[in-house]
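Asker: mmCIF, C-alpha atoms, saved as upload-v7.cif, coming up:
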data_my_file
#
loop_
_atom_site.label_atom_id
_atom_site.label_comp_id
_atom_site.auth_asym_id
_atom_site.auth_seq_id
_atom_site.Cartn_x
_atom_site.Cartn_y
_atom_site.Cartn_z
CA ASP D 199 14.43 -12.87 -8.51
CA GLN D 200 15.19 -10.22 -5.90
CA GLN D 201 17.99 -8.17 -7.43
CA VAL D 202 18.09 -5.67 -4.58
CA LYS D 203 17.81 -6.94 -1.03
CA GLN D 204 17.44 -5.28 2.32
CA ASN D 205 17.77 -8.15 4.71
CA SER D 206 16.82 -6.26 7.86
CA PRO D 207 13.09 -5.52 7.93
CA SER D 208 13.51 -3.25 10.92
CA LEU D 209 16.07 -1.36 12.95
CA SER D 210 15.77 0.48 16.24
CA VAL D 211 18.31 3.03 17.48
CA GLN D 212 18.57 5.58 20.21
CA GLU D 213 18.38 9.26 19.37
CA GLY D 214 21.83 10.71 18.77
CA ARG D 215 23.37 7.38 17.82
CA ILE D 216 24.31 6.17 14.35
CA SER D 217 21.80 4.32 12.17
CA ILE D 218 23.25 1.97 9.58
CA LEU D 219 20.94 0.57 6.92
CA ASN D 220 22.26 -2.08 4.58
CA CYS D 221 21.46 -3.12 1.05
CA ASP D 222 22.84 -5.86 -1.20
CA TYR D 223 22.44 -6.27 -4.93
CA THR D 224 23.11 -9.07 -7.36
CA ASN D 225 23.14 -7.39 -10.77
CA SER D 226 26.64 -6.15 -11.61
CA MET D 227 25.15 -3.97 -14.35
CA PHE D 228 23.69 -1.60 -11.77
CA ASP D 229 25.64 1.62 -11.85
CA TYR D 230 23.53 4.07 -9.88
CA PHE D 231 22.09 3.65 -6.43
CA LEU D 232 19.61 5.72 -4.47
CA TRP D 233 18.08 5.82 -1.01
CA TYR D 234 14.52 6.92 -0.43
CA LYS D 235 12.63 7.54 2.78
CA LYS D 236 8.93 6.85 3.04
CA TYR D 237 6.33 7.85 5.58
CA PRO D 238 2.93 6.10 5.70
CA ALA D 239 0.42 7.36 3.15
CA GLU D 240 3.10 9.35 1.31
CA GLY D 241 5.28 8.65 -1.67
CA PRO D 242 9.00 7.92 -1.22
CA THR D 243 11.23 10.97 -0.82
CA PHE D 244 14.70 10.99 -2.35
CA LEU D 245 17.50 11.15 0.22
CA ILE D 246 20.86 10.55 -1.38
CA SER D 247 22.43 8.74 -4.32
CA ILE D 248 25.76 7.39 -5.43
CA SER D 249 27.26 6.52 -8.77
CA SER D 250 29.25 3.33 -9.19
CA ILE D 251 32.37 5.37 -9.93
CA LYS D 252 32.39 6.55 -6.31
CA ASP D 253 32.58 4.70 -3.04
CA LYS D 254 31.17 7.40 -0.77
CA ASN D 255 28.76 10.28 -0.96
CA GLU D 256 27.85 12.56 1.88
CA ASP D 257 25.01 14.99 2.40
CA GLY D 258 24.64 16.46 5.86
CA ARG D 259 23.78 13.72 8.34
CA PHE D 260 23.46 11.14 5.56
CA THR D 261 26.34 9.21 4.03
CA VAL D 262 26.09 6.39 1.54
CA PHE D 263 28.92 3.89 1.10
CA LEU D 264 29.28 1.63 -1.91
CA ASN D 265 31.37 -1.54 -1.98
CA LYS D 266 31.21 -2.75 -5.56
CA SER D 267 33.25 -5.88 -5.03
CA ALA D 268 30.84 -7.00 -2.33
CA LYS D 269 27.82 -5.60 -4.18
CA HIS D 270 26.84 -3.87 -0.99
CA LEU D 271 25.80 -0.39 -0.04
CA SER D 272 24.91 1.17 3.24
CA LEU D 273 23.30 4.36 4.48
CA HIS D 274 24.65 5.95 7.63
CA ILE D 275 22.60 8.52 9.52
CA VAL D 276 24.53 10.46 12.14
CA PRO D 277 23.21 11.59 14.52
CA SER D 278 19.84 9.85 14.29
CA GLN D 279 16.77 11.91 15.16
CA PRO D 280 13.21 10.82 16.00
CA GLY D 281 12.02 12.46 12.77
CA ASP D 282 14.15 9.97 10.85
CA SER D 283 11.74 7.21 11.84
CA ALA D 284 10.37 5.93 8.54
CA VAL D 285 10.78 3.15 5.99
CA TYR D 286 14.01 3.37 4.02
CA PHE D 287 14.30 1.89 0.56
CA CYS D 288 17.43 1.40 -1.44
CA ALA D 289 17.07 1.36 -5.20
CA ALA D 290 19.31 0.63 -8.15
CA SER D 291 19.35 1.33 -11.85
CA HIS D 292 21.63 0.78 -14.80
CA GLY D 293 22.27 2.59 -18.06
CA SER D 294 21.97 6.06 -16.66
CA SER D 295 20.80 7.80 -13.56
CA ASN D 296 17.42 8.53 -15.06
CA THR D 297 16.29 5.53 -17.02
CA GLY D 298 13.07 5.70 -15.08
CA LYS D 299 13.35 2.10 -14.02
CA LEU D 300 14.38 1.66 -10.43
CA ILE D 301 14.68 -1.71 -8.76
CA PHE D 302 13.82 -1.38 -5.09
CA GLY D 303 14.68 -3.38 -2.04
CA GLN D 304 11.96 -4.47 0.36
CA GLY D 305 12.61 -1.61 2.74
CA THR D 306 13.86 -1.29 6.31
CA THR D 307 11.71 0.33 8.97
CA LEU D 308 13.85 2.57 11.13
CA GLN D 309 12.66 3.58 14.56
CA VAL D 310 14.65 6.25 16.39
CA LYS D 311 13.78 6.34 20.07
CA PRO D 312 13.98 9.63 21.99
CA LYS N 1038 7.48 24.22 -8.16
CA ALA N 1039 4.54 21.81 -7.95
CA GLY N 1040 5.37 18.18 -7.22
CA VAL N 1041 4.04 15.04 -8.82
CA THR N 1042 0.25 14.94 -8.53
CA GLN N 1043 -1.69 11.72 -8.49
CA THR N 1044 -5.46 11.40 -8.61
CA PRO N 1045 -7.48 10.06 -7.04
CA ARG N 1046 -5.85 9.46 -3.66
CA TYR N 1047 -8.17 6.60 -2.75
CA LEU N 1048 -10.27 4.27 -4.82
CA ILE N 1049 -12.46 1.26 -4.09
CA LYS N 1050 -13.38 -1.03 -6.95
CA THR N 1051 -15.07 -4.39 -7.34
CA ARG N 1052 -13.40 -7.46 -8.80
CA GLY N 1053 -13.74 -7.57 -12.56
CA GLN N 1054 -14.01 -3.81 -12.96
CA GLN N 1055 -11.37 -1.64 -14.54
CA VAL N 1056 -9.69 1.44 -13.16
CA THR N 1057 -7.75 4.42 -14.51
CA LEU N 1058 -5.25 6.33 -12.41
CA SER N 1059 -3.80 9.68 -13.35
CA CYS N 1060 -0.42 11.28 -12.84
CA SER N 1061 0.76 14.82 -13.56
CA PRO N 1062 4.55 15.05 -13.50
CA ILE N 1063 6.70 17.92 -12.36
CA SER N 1064 6.79 20.62 -15.01
CA GLY N 1065 9.60 19.90 -17.46
CA HIS N 1066 9.91 16.24 -16.54
CA ARG N 1067 9.29 14.07 -19.57
CA SER N 1068 9.80 10.65 -18.02
CA VAL N 1069 6.97 9.15 -15.98
CA SER N 1070 7.22 5.79 -14.24
CA TRP N 1071 4.66 3.76 -12.35
CA TYR N 1072 5.27 1.45 -9.39
CA GLN N 1073 3.10 -0.84 -7.34
CA GLN N 1074 3.67 -1.14 -3.62
CA THR N 1075 2.24 -4.07 -1.68
CA PRO N 1076 3.17 -5.31 1.80
CA GLY N 1077 4.43 -8.61 0.46
CA GLN N 1078 6.25 -7.50 -2.69
CA GLY N 1079 7.54 -4.08 -1.82
CA LEU N 1080 7.89 -1.47 -4.58
CA GLN N 1081 7.75 -3.00 -8.03
CA PHE N 1082 8.32 -1.25 -11.33
CA LEU N 1083 5.36 -1.35 -13.71
CA PHE N 1084 6.40 0.73 -16.71
CA GLU N 1085 8.02 3.96 -17.82
CA TYR N 1086 6.93 6.43 -20.45
CA PHE N 1087 9.02 9.02 -22.20
CA SER N 1088 7.77 11.31 -24.94
CA GLU N 1089 4.51 9.37 -25.19
CA THR N 1090 6.34 6.07 -25.73
CA GLN N 1091 6.73 3.17 -23.35
CA ARG N 1092 10.47 2.94 -22.77
CA ASN N 1093 10.64 0.25 -20.08
CA LYS N 1094 8.27 -2.38 -18.85
CA GLY N 1095 8.23 -4.45 -15.70
CA ASN N 1096 7.01 -7.95 -15.17
CA PHE N 1097 3.26 -7.42 -14.90
CA PRO N 1098 0.40 -9.02 -16.86
CA GLY N 1099 -1.15 -7.30 -19.84
CA ARG N 1100 -4.09 -6.19 -17.69
CA PHE N 1101 -1.81 -3.37 -16.61
CA SER N 1102 -1.33 -0.72 -19.25
CA GLY N 1103 -0.47 2.91 -19.48
CA ARG N 1104 -0.10 5.84 -21.73
CA GLN N 1105 1.44 9.27 -21.80
CA PHE N 1106 0.07 12.40 -23.37
CA SER N 1107 1.88 15.16 -25.22
CA ASN N 1108 1.94 17.28 -22.05
CA SER N 1109 3.74 14.39 -20.25
CA ARG N 1110 0.73 13.59 -18.08
CA SER N 1111 0.27 9.86 -17.75
CA GLU N 1112 -2.49 7.41 -16.98
CA MET N 1113 -2.36 3.78 -16.04
CA ASN N 1114 -5.20 1.37 -16.48
CA VAL N 1115 -5.89 -1.94 -14.83
CA SER N 1116 -8.56 -4.09 -16.40
CA THR N 1117 -10.42 -7.04 -14.92
CA LEU N 1118 -9.38 -6.17 -11.41
CA GLU N 1119 -8.35 -8.92 -9.02
CA LEU N 1120 -8.19 -8.83 -5.23
CA GLY N 1121 -4.41 -9.03 -5.49
CA ASP N 1122 -4.32 -5.72 -7.36
CA SER N 1123 -5.08 -3.91 -4.10
CA ALA N 1124 -2.02 -1.77 -3.56
CA LEU N 1125 -0.56 1.69 -3.42
CA TYR N 1126 0.20 2.81 -6.96
CA LEU N 1127 2.98 5.35 -7.17
CA CYS N 1128 3.92 7.57 -10.03
CA ALA N 1129 7.32 9.20 -10.37
CA SER N 1130 8.71 11.71 -12.81
CA SER N 1131 12.28 12.51 -13.71
CA SER N 1132 14.47 14.45 -16.08
CA PRO N 1133 18.13 14.20 -17.09
CA ALA N 1134 18.89 16.63 -14.29
CA ALA N 1135 16.64 15.18 -11.60
CA VAL N 1136 16.19 11.79 -10.02
CA GLU N 1137 12.80 10.21 -9.76
CA THR N 1138 10.41 12.23 -7.64
CA PHE N 1139 7.35 10.42 -6.41
CA GLY N 1140 3.77 11.47 -5.94
CA SER N 1141 1.75 10.54 -2.86
CA GLY N 1142 0.18 7.60 -4.63
CA THR N 1143 -3.28 6.22 -5.24
CA ARG N 1144 -4.48 3.64 -2.74
CA LEU N 1145 -6.56 1.10 -4.68
CA THR N 1146 -8.71 -1.37 -2.81
CA VAL N 1147 -10.37 -4.17 -4.74
CA VAL N 1148 -13.31 -5.85 -3.00
#
Would you encode the structure as structure tokens?

Answerer:
Amino acid sequence: DQQVKQNSPSLSVQEGRISILNCDYTNSMFDYFLWYKKYPAEGPTFLISISSIKDKNEDGRFTVFLNKSAKHLSLHIVPSQPGDSAVYFCAASHGSSNTGKLIFGQGTTLQVKP
Amino acid sequence: KAGVTQTPRYLIKTRGQQVTLSCSPISGHRSVSWYQQTPGQGLQFLFEYFSETQRNKGNFPGRFSGRQFSNSRSEMNVSTLELGDSALYLCASSSPAAVETFGSGTRLTVV
């Protein structure tokens, strides 16, 4: 039962272009969503989050969009940089932002080419 | 401010053995969660501890257990290890004011 899905295992973009990573969820009880970035041999690093009461949250080059009716969220990175190359995980929780139980997607490997 | 510290970083165990992994959360964080990452299953939630009590539990067999101490440090234990337990085990801590912050993980290899 995969409640959070990232259907694209990988994505390749040119430096300077936009990277769009997608995530779908099935549980309508989820009310808080997060994106993490992960490099090999390191733990995931928090990037950006969004509450279900919003449809957009922006932080520098990173913007997360939430479409509750479609149960879909996306992460936009503009402009993409080679250092952004990593595995990106979306995660969801319900109840509060810090229940300590995150449901993760399978991850999308982003490669940004110079 | 020190991050989440996990020890050891790498571990090799034999099938049937047991293992204990340790996690020191960020100072002031009282919630500690554990996740297992495998190539096939991604990141899966194991359990969460808050104030020395297990608050949430994932869908793992009873061979996986944990505990939390009064200083919020946490340990997880896996008994009767199986080859399929080989994974990266990640610990994360959080507080009402901070989202989950992860440690670098413990890479467990079962041979």

Asker: Could you give me, as number ranges by chain, the residues within 6 Å of segment 216-219 of chain D, counting only C-alpha atoms and dropping anything in the same chain fewer than 2 positions from it?

Answerer: D: 272-278

Asker: Tell me which of N:Leu1118, N:Thr1146, N:Gln1073, N:Ser1107 sits closest to chain D, counting all atoms listed in the file.

Answerer: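 Result for the nearest residue to chain D: N:Gln1073.
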
Asker: Show which residues sit within 10 Å of segment 233-239 of chain D, as a ChimeraX atom specification. Count all atoms listed in the file, and ignore same-chain residues fewer than 4 positions away.

Answerer: /D:219,221,243-248,262,271-273,282-290,302-303,305-308 /N:1046,1125,1138-1139,1141-1144

Asker: Residues near Ile251 of chain D, anyone? I mean within 12 Å using all atoms listed in the file, not counting same-chain ones fewer than 4 positions away, as a list in words.

Answerer: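 So the residues in contact are Phe228, Asp229, Tyr230, Phe231, Ser247, Asn255, Phe263, Leu264, Asn265 and Lys266 of chain D.
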
Asker: Suppose a student applies the PyMOL selection byres ((chain N and resi 1076-1084) around 9) to this structure; what residues should they get, written as JSON, numbers by chain?

Answerer: {"D": [287, 298, 299, 300, 301, 302, 303, 304, 305], "N": [1069, 1070, 1071, 1072, 1073, 1074, 1075, 1085, 1086, 1091, 1092, 1093, 1094, 1095, 1096, 1097, 1101, 1102, 1103, 1124, 1127]}

Asker: For the structure provided, state which residues fall under the PyMOL selection byres ((chain N and resi 1062) around 12), and present them as a PyMOL selection string.

Answerer: chain N and resi 1038-1044+1059-1061+1063-1071+1086-1087+1105-1106+1108-1112+1127-1132+1137-1141

Asker: Rank nothing, just name the residue among D:Gly258, D:Pro242, D:Pro280, D:Pro312 nearest to chain N, using all atoms listed in the file.

Answerer: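 The answer is D:Pro242, which sits nearest to chain N.
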
Asker: Would you compute the distance between atom CA of Gln200 of chain D and atom CA of Gly1099 of chain N? Give it in Å to one decimal.

Answerer: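 One can read the atom CA of Gln200 of chain D to atom CA of Gly1099 of chain N distance as 21.7 Å.
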
Asker: Which residue out of D:Gln204, D:Gln279, D:Gln212, D:Ser267 has the minimum interatomic distance to chain N when all atoms listed in the file are used?

Answerer: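 Distance minimum relative to chain N lands on D:Gln204.
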
Asker: Considering only C-alpha atoms, state which residue in the set D:Gln309, D:Asn220, D:Ser291, D:Ser250 is at the smallest distance from chain N.

Answerer: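 Nearest candidate to chain N out of D:Gln309, D:Asn220, D:Ser291, D:Ser250: D:Ser291.
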
Asker: Between D:Met227, D:Leu232, D:Leu209, D:Ala268, which is the closest to chain N once you count only C-alpha atoms?

Answerer: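 For chain N, the nearest of the candidates is D:Leu232.
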
Asker: Quick one: residues within 7 Å of Lys269 of chain D, all atoms listed in the file, excluding same-chain residues fewer than 6 positions away - as number ranges by chain?

Answerer: D: 222-224

Asker: Between N:Met1113, N:Leu1145, N:Ile1049, N:Ala1134, which one has atoms that come closest to chain D, using all atoms listed in the file?

Answerer: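 So, comparing all the options, the nearest one is N:Ala1134.
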
Asker: Would you mind reading off the distance between atom CA of Lys203 of chain D and atom CA of His292 of chain D, one decimal, in Å?

Answerer: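 That distance, rounded to one decimal, is 16.2 Å.
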
Asker: What does the distance between atom CA of His270 of chain D and atom CA of Ser210 of chain D come to in Å, to one decimal place?

Answerer: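 Calculated distance between atom CA of His270 of chain D and atom CA of Ser210 of chain D is 20.9 Å.
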
Asker: When the PyMOL selection byres ((chain N and resi 1148) around 9) is applied to the file above, which residues end up in the set, as a PyMOL selection string?

Answerer: chain N and resi 1049-1052+1119-1120+1123+1146-1147
